[in-house]
Number of protein chains: 2
Amino acid sequence: MVQAKVAAMKKLINDPQDVVAEALLGIEAARPEVRVDHANRIIYRRDAPRTGKVGLVSGGGSGHEPLHGGYVGLGMLDAACAGEIFTSPTPDQMLEATKGVDSGAGVLHIVKNYTGDVMNFEMAAELAAADTGITVESVVINDDVAVQDSLYTAGRRGVGVTVLLEKLVGAAAEKGRSLPELVTLARAVNESGRSMGMALTSCTVPAAGKPTFELAEDEMELGIGIHGEPGRRRVPLRSAREIAEQLMEPILADLEFTSGPVIVMVNGMGGTPLIELYLMYSEVAKIMEKAGVTAARNLVGNYITSLEMAGCSVTVLRASEEWIELWDAPVNTAGLRWGI
Amino acid sequence: MVQAKVAAMKKLINDPQDVVAEALLGIEAARPEVRVDHANRIIYRRDAPRTGKVGLVSGGGSGHEPLHGGYVGLGMLDAACAGEIFTSPTPDQMLEATKGVDSGAGVLHIVKNYTGDVMNFEMAAELAAADTGITVESVVINDDVAVQDSLYTAGRRGVGVTVLLEKLVGAAAEKGRSLPELVTLARAVNESGRSMGMALTSCTVPAAGKPTFELAEDEMELGIGIHGEPGRRRVPLRSAREIAEQLMEPILADLEFTSGPVIVMVNGMGGTPLIELYLMYSEVAKIMEKAGVTAARNLVGNYITSLEMAGCSVTVLRASEEWIELWDAPVNTAGLRWGI
């Protein structure tokens, strides 16, 4: 038997340096709708580029699965660039993905607002303009109401709305909408959604080998970022009911959600069991009802995670009837699948 | 603000006694395809009973979500009975569910081999025969190769095959197959699948308030049950590659899997992130390729869990072309959804 290097931490991995590369092998083996460029660490929709369709490219640090690679496929992304854990992919990866999905209709970069991601996607867009003549547009997502400026980010961070945006804009791209139309839609979706998260425990980046931060047994972190970066405040552990209130209050105060239906997501950070997420959804639903907010659609589960962190986030997105139709449109990815 | 009782453990809950009842409220609020009988803790397919269709009833202790409530809906179960965490539902619940899904075509009980579940489902079937005239048949699932007899179980435990069986038999029931045909199919599926699991960490039952067992920082438990009950042996922590070998070797030794396609599931125990499960799938796929086993379909994710336990299980099921067709048939549940 080959002697593998065993990490001094409790993870299903081989060498900490190989986690991303080996997970990409697994995604390629498991998912028929994608192909993987291992040299560039890009997950492509198997049939990309699609003639006449705008190419949708996202990407970011790994460790947030199913985001982004698990959202590649019919009705969502054409390509996702995987960085190291919690580390932006490089401009070269993004440029390569841009070239790989362009069919002449242009490419939209979907970027979470983290300084590294934003800078590298900007550079990739400049390289694409200089070298290839591909028309590239970008949308930067900044839905996290927890903090203004933080570790890794100027302005608000991009979190849960990313999942909903990739679904809605993916459906619109599938219907043949033009790049300018998709840019308008993407910016409108970003402006219509708000999120906030919290952590019960830290996570451990494999290459670091120790928890990103420490939380006492009776503490939790409110407003946590998806890389374990600090949130609003560290507070005593509270009940699910109070946690739901403390997440929903800043979301509902930041945007008016009563004028039409919303899509709501109760998202697990990776280490929280589904029974607790459903319990949280019950609390969130009660708060929404009291506030006159109507959930037309919802997601409850692990959709944008922070490795094995225990905790959750809530995202609320104001959605028109047209957006609900985009939501219901067929999707075939590892993370979201229906209608196919 | 209401002062809720806060558990001395890191969970998104209110009172430990209310976890199951409150999670059922969340499932009801989130999922349009089900309705919930809260008094009896039964999740029903919204349109049950379906005229002419055999009713499929499962159930068991809570804490394994999405199993079983997350598999209620078109193409899978008609009803699931939720017990307390890791505790069998009562015969009364099962009898009520049986009555609730019968349309005259009979009812199949899908039972995992744990002493409490088996005994209570037997009693429910006897009560149904005595009181109602409903024809009830049962299948008991015992796919876990790890141990013969264990805490809570005489014989092998019922684990991962349950998920695949509920999908395949659910699809066949949807097509209008008779109760005797479904019994034959269910037993054949059970006999064609094998599973084994492992844990990196324990889980904590809310009402107990402390971990079910203790594992040292450099230890793991091979052959763990889904309630944290002991497995084959406690061994030093190993690499994902070696863990995959130690799970697959007993599975492949127990049944011949090379004569046709298989359906394979790499299942997370609740607290393991998806990036690790994909990495595990890569190792499992390599072992299968070497052994001449061909995966026609797969699942990678959290499908039968043990609260927030970190770890995984592997299930391999020999599947005919007809079973692959049943697998691909439409399903609309919280846990599995496609074709709809």
# chains A, B, ... in the order shown; residues from 1 in each chain; ligands from 1
$ residues_around --residues "region 23-32 of chain B" --least-positions-apart "5" --cutoff "8 Å" --atoms "only C-alpha atoms" --output "count of residues only"
18
$ select_by_dssp --residues "region 160-189 of chain A" --states "alpha helix (DSSP H)" --output "ChimeraX atom specification"
/A:161-174,179-189
$ write_last_selection --atoms "C-alpha atoms" --output "PDB file, in the first residue's frame"
ATOM      1  CA  VAL A 161     -26.963  35.983  -3.578  1.00  0.00           C
ATOM      2  CA  THR A 162     -24.239  34.492  -5.789  1.00  0.00           C
ATOM      3  CA  VAL A 163     -26.080  31.145  -5.825  1.00  0.00           C
ATOM      4  CA  LEU A 164     -29.421  32.708  -6.753  1.00  0.00           C
ATOM      5  CA  LEU A 165     -27.825  35.017  -9.324  1.00  0.00           C
ATOM      6  CA  GLU A 166     -26.016  32.162 -11.059  1.00  0.00           C
ATOM      7  CA  LYS A 167     -29.373  30.347 -11.336  1.00  0.00           C
ATOM      8  CA  LEU A 168     -31.399  33.312 -12.615  1.00  0.00           C
ATOM      9  CA  VAL A 169     -28.808  34.705 -15.013  1.00  0.00           C
ATOM     10  CA  GLY A 170     -27.965  31.154 -16.123  1.00  0.00           C
ATOM     11  CA  ALA A 171     -31.597  30.558 -17.073  1.00  0.00           C
ATOM     12  CA  ALA A 172     -31.736  33.859 -18.950  1.00  0.00           C
ATOM     13  CA  ALA A 173     -28.521  33.034 -20.848  1.00  0.00           C
ATOM     14  CA  GLU A 174     -29.998  29.658 -21.746  1.00  0.00           C
ATOM     15  CA  LEU A 179     -24.779  40.134 -22.974  1.00  0.00           C
ATOM     16  CA  PRO A 180     -26.148  43.653 -22.230  1.00  0.00           C
ATOM     17  CA  GLU A 181     -29.472  42.125 -21.128  1.00  0.00           C
ATOM     18  CA  LEU A 182     -27.674  39.681 -18.844  1.00  0.00           C
ATOM     19  CA  VAL A 183     -25.550  42.444 -17.328  1.00  0.00           C
ATOM     20  CA  THR A 184     -28.697  44.431 -16.541  1.00  0.00           C
ATOM     21  CA  LEU A 185     -30.374  41.372 -15.037  1.00  0.00           C
ATOM     22  CA  ALA A 186     -27.319  40.390 -12.995  1.00  0.00           C
ATOM     23  CA  ARG A 187     -26.939  43.863 -11.502  1.00  0.00           C
ATOM     24  CA  ALA A 188     -30.656  43.995 -10.706  1.00  0.00           C
ATOM     25  CA  VAL A 189     -30.473  40.611  -8.959  1.00  0.00           C
TER      26      VAL A 189
END
$ closest_residue --among "B:Leu274, B:Val107, B:Val54, B:Cys203" --to "Ile134 (chain B)" --atoms "only C-alpha atoms"
B:Val107
$ closest_residue --among "A:Arg238, A:Arg233, A:Lys175, A:His68" --to "chain B" --atoms "only C-alpha atoms"
A:Arg238
$ closest_residue --among "A:Gly59, A:Pro261, A:Gly69, A:Gly271" --to "Thr201 (chain B)" --atoms "only C-alpha atoms"
A:Gly271
$ residues_around --residues "Gly106 (chain A)" --least-positions-apart "4" --cutoff "9 Å" --atoms "only C-alpha atoms" --output "mmCIF file with N, CA and C atoms, in the first residue's frame"
data_model
loop_
_atom_site.group_PDB
_atom_site.id
_atom_site.type_symbol
_atom_site.label_atom_id
_atom_site.label_comp_id
_atom_site.auth_asym_id
_atom_site.auth_seq_id
_atom_site.Cartn_x
_atom_site.Cartn_y
_atom_site.Cartn_z
ATOM 1 N N LYS A 53 -24.782 31.469 -27.519
ATOM 2 C CA LYS A 53 -25.086 31.708 -26.104
ATOM 3 C C LYS A 53 -23.971 32.516 -25.456
ATOM 4 N N VAL A 54 -24.342 33.495 -24.630
ATOM 5 C CA VAL A 54 -23.354 34.203 -23.821
ATOM 6 C C VAL A 54 -22.733 33.207 -22.839
ATOM 7 N N GLY A 55 -21.420 33.248 -22.699
ATOM 8 C CA GLY A 55 -20.733 32.365 -21.750
ATOM 9 C C GLY A 55 -20.728 32.966 -20.354
ATOM 10 N N LEU A 56 -21.100 32.170 -19.367
ATOM 11 C CA LEU A 56 -21.075 32.637 -17.974
ATOM 12 C C LEU A 56 -19.914 31.977 -17.252
ATOM 13 N N THR A 98 -12.533 32.136 -20.052
ATOM 14 C CA THR A 98 -13.248 33.087 -20.912
ATOM 15 C C THR A 98 -13.136 32.669 -22.370
ATOM 16 N N VAL A 101 -15.280 29.444 -23.210
ATOM 17 C CA VAL A 101 -16.752 29.457 -23.262
ATOM 18 C C VAL A 101 -17.298 30.442 -24.291
ATOM 19 N N ASP A 102 -16.430 31.272 -24.884
ATOM 20 C CA ASP A 102 -16.939 32.279 -25.824
ATOM 21 C C ASP A 102 -17.314 31.641 -27.156
ATOM 22 N N ILE A 134 -12.608 39.242 -27.363
ATOM 23 C CA ILE A 134 -13.858 38.777 -26.754
ATOM 24 C C ILE A 134 -14.453 39.913 -25.917
ATOM 25 N N THR A 135 -15.748 40.138 -26.062
ATOM 26 C CA THR A 135 -16.417 41.147 -25.239
ATOM 27 C C THR A 135 -16.706 40.550 -23.871
ATOM 28 N N VAL A 136 -16.156 41.155 -22.845
ATOM 29 C CA VAL A 136 -16.338 40.655 -21.483
ATOM 30 C C VAL A 136 -17.001 41.728 -20.635
ATOM 31 N N GLU A 137 -18.029 41.338 -19.904
ATOM 32 C CA GLU A 137 -18.632 42.221 -18.911
ATOM 33 C C GLU A 137 -18.552 41.530 -17.558
ATOM 34 N N SER A 178 -29.078 38.527 -24.633
ATOM 35 C CA SER A 178 -27.795 39.125 -25.037
ATOM 36 C C SER A 178 -26.958 39.498 -23.814
ATOM 37 N N LEU A 179 -25.673 39.742 -24.068
ATOM 38 C CA LEU A 179 -24.779 40.134 -22.974
ATOM 39 C C LEU A 179 -25.265 41.398 -22.253
#
$ residues_around --residues "Val147 (chain A)" --least-positions-apart "3" --cutoff "9 Å" --atoms "only C-alpha atoms" --output "PyMOL selection string"
chain A and resi 144+150+155-157+223+231-232
$ atom_distance --atom1 "CA of Ile110 (chain A)" --atom2 "CA of Ile85 (chain A)"
18.6 Å
$ closest_residue --among "B:Ser202, B:Ser259, B:Asn142, B:Ser320" --to "chain A" --atoms "only C-alpha atoms"
B:Ser202
$ select_by_dssp --residues "region 149-299 of chain B" --states "strand (DSSP E)" --output "ChimeraX atom specification"
/B:193-199,219-222,233-236,261-268,294-299
$ closest_residue --among "B:Leu247, B:Leu127, B:Ala295, B:Ile324" --to "chain A" --atoms "only C-alpha atoms"
B:Ala295
$ closest_residue --among "A:Gly268, A:Met309, A:Ile226, A:Asp254" --to "Glu214 (chain A)" --atoms "only C-alpha atoms"
A:Met309
